[in-house]
Amino acid sequence: MIALYIFRQCLKLRSAKEMFLMTNLDRRSFLKAARAASVVVAASSSGAVRAFAGDTSTDGPFKLPPLPYAYGALEPNIDAQTMQLHHDKHHAAYVKNLNAALKDHSQLASRPLEELLVKLNDVPEEIRMTVRNNGGGHANHSMFWEIMGPPSGTGPDGELKAAIDKDFGGLDGLQAKFNAAGGKVFGSGWVFVTVDKDGKLALVSKPNQDTPLMEGGRVLMGNDVWEHAYYLKYQNKRAEYLKAWWNVVNWKAVGDRYAAAKAGKLAI
Ligand SMILES: [Fe+2]
């Protein structure tokens, strides 16, 4: 029960890095606590599991989108526990914090997320960083769940494949450049492939929860290289996570986003 208590305290923090900085747990102790907690989850009744998963509802205009597949659907590339914590805790916290920050700013809160992010200068300075971090986090993770799915063994096709061939020299070239960029992100951040209205692709890295949306760009796809996205399974081996992640890219969803971007209909 002590291990479960420690793990629950860890869940209140925003990232795996913070877990280590803000508690006296070393990494071995953290993983031991995580394993103990997962046993409790597995052994609990459905009611207990719901309580442990946390409250995914949010008050306010911004909503946590449901995960479009089961927590374990991306195994063995991304483990079920990471997916559960990532969606139910981390993403939920971004949504909750964004709504809280805009509680007394109904006009800003009524804006579409992509408009809020590209016009951050409209946000009062005292809440601007909160909106930037949590609004960016909400947009990034909403995209992230959408462009992943159970391993299908398929790759890009049609216009998307042609664009990848043209701008990256093929899928192998894209993966090599993308993984190298992911390895170079210092600390927490994201690697994105952006797409413009002409369908041209580009590689962009961002720190924290920043997103190309903040410059009016559009994100075709992206990978989360915060430690909370991979640490339970991969620990410090980010390169292995980056490599395995390609197995769960949903190329149908990415192709749909590519078509939407060219039609001027891609939002976040
Ligand atoms: Fe994340």
# chains A, B, ... in the order shown; residues from 1 in each chain; ligands from 1

$ residues_near_ligand --ligand "ligand 1" --cutoff "8 Å" --atoms "only C-alpha atoms and all ligand atoms" --output "JSON, numbers by chain"
{"A": [86, 87, 90, 91, 137, 140, 141, 224, 225, 226, 228, 229]}

$ residues_around --residues "region 175-189 of chain A" --least-positions-apart "3" --cutoff "9 Å" --atoms "only C-alpha atoms" --output "PyMOL selection string"
chain A and resi 17+168+170-172+192-193+203-210+223-227+238-239+242-243+246

$ residues_around --residues "region 75-80 of chain A" --least-positions-apart "6" --cutoff "9 Å" --atoms "only C-alpha atoms" --output "list in words"
Pro150, Pro151, Ala229, Tyr230, Leu232, Lys233, Tyr241, Ala244, Trp245, Trp246, Asn247 and Val248 of chain A

$ closest_residue --among "A:Met148, A:Ile164, A:Ala267, A:Leu201" --to "Trp251 (chain A)" --atoms "only C-alpha atoms"
A:Met148

$ select_by_dssp --residues "region 90-230 of chain A" --states "helix (DSSP H, G or I)" --output "PyMOL selection string"
chain A and resi 90-101+106-109+113-118+120-122+125-146+158-168+171-184+212-215+227-229

$ closest_residue --among "A:Gly173, A:Gly158, A:Gly149, A:Pro112" --to "Asp256 (chain A)" --atoms "only C-alpha atoms"
A:Gly158

$ closest_atom_pairs --of "region 126-210 of chain A" --to "region 59-62 of chain A" --cutoff "12 Å" --atoms "only C-alpha atoms" --output "tab-separated table"
residue	atom	partner	partner_atom	distance
A:Val131	CA	A:Phe62	CA	11.9
A:Asn134	CA	A:Phe62	CA	10.8
A:Gly135	CA	A:Phe62	CA	9.2
A:Gly137	CA	A:Phe62	CA	12.0
A:His138	CA	A:Phe62	CA	8.6
A:Ala139	CA	A:Phe62	CA	10.3
A:Ser142	CA	A:Phe62	CA	11.3

$ write_last_selection --atoms "N, CA and C atoms" --output "compact mmCIF listing (two decimals), in the first residue's frame"
# COMPACT_ATOMS: atom_id res chain seq x y z
N VAL A 131 -1.71 29.28 -20.76
CA VAL A 131 -2.50 28.95 -21.95
C VAL A 131 -1.59 28.35 -23.03
N ASN A 134 -0.59 24.66 -21.75
CA ASN A 134 -1.70 23.71 -21.65
C ASN A 134 -2.54 23.66 -22.92
N GLY A 135 -2.67 24.79 -23.60
CA GLY A 135 -3.35 24.78 -24.90
C GLY A 135 -2.53 24.03 -25.93
N GLY A 137 -0.38 21.69 -25.18
CA GLY A 137 -0.44 20.29 -24.78
C GLY A 137 -1.74 19.63 -25.23
N HIS A 138 -2.84 20.37 -25.13
CA HIS A 138 -4.13 19.82 -25.57
C HIS A 138 -4.12 19.57 -27.08
N ALA A 139 -3.62 20.51 -27.85
CA ALA A 139 -3.59 20.35 -29.32
C ALA A 139 -2.65 19.21 -29.71
N SER A 142 -4.10 15.74 -28.73
CA SER A 142 -5.28 15.39 -29.53
C SER A 142 -4.86 14.86 -30.90

$ atom_distance --atom1 "CA of Met143 (chain A)" --atom2 "CA of Glu114 (chain A)"
12.0 Å

$ select_by_dssp --residues "region 68-267 of chain A" --states "strand (DSSP E)" --output "list in words"
Gly189, Trp190, Val191, Phe192, Val193, Thr194, Val195, Leu201, Ala202, Leu203, Val204, Ser205, Lys206, Pro207, Val219, Leu220, Met221, Gly222, Asn223 and Asp224 of chain A

$ closest_residue --among "A:Ala93, A:Gly72, A:Leu98, A:Arg132" --to "Leu213 (chain A)" --atoms "only C-alpha atoms"
A:Arg132

$ atom_distance --atom1 "CA of Thr154 (chain A)" --atom2 "CA of Tyr231 (chain A)"
26.7 Å
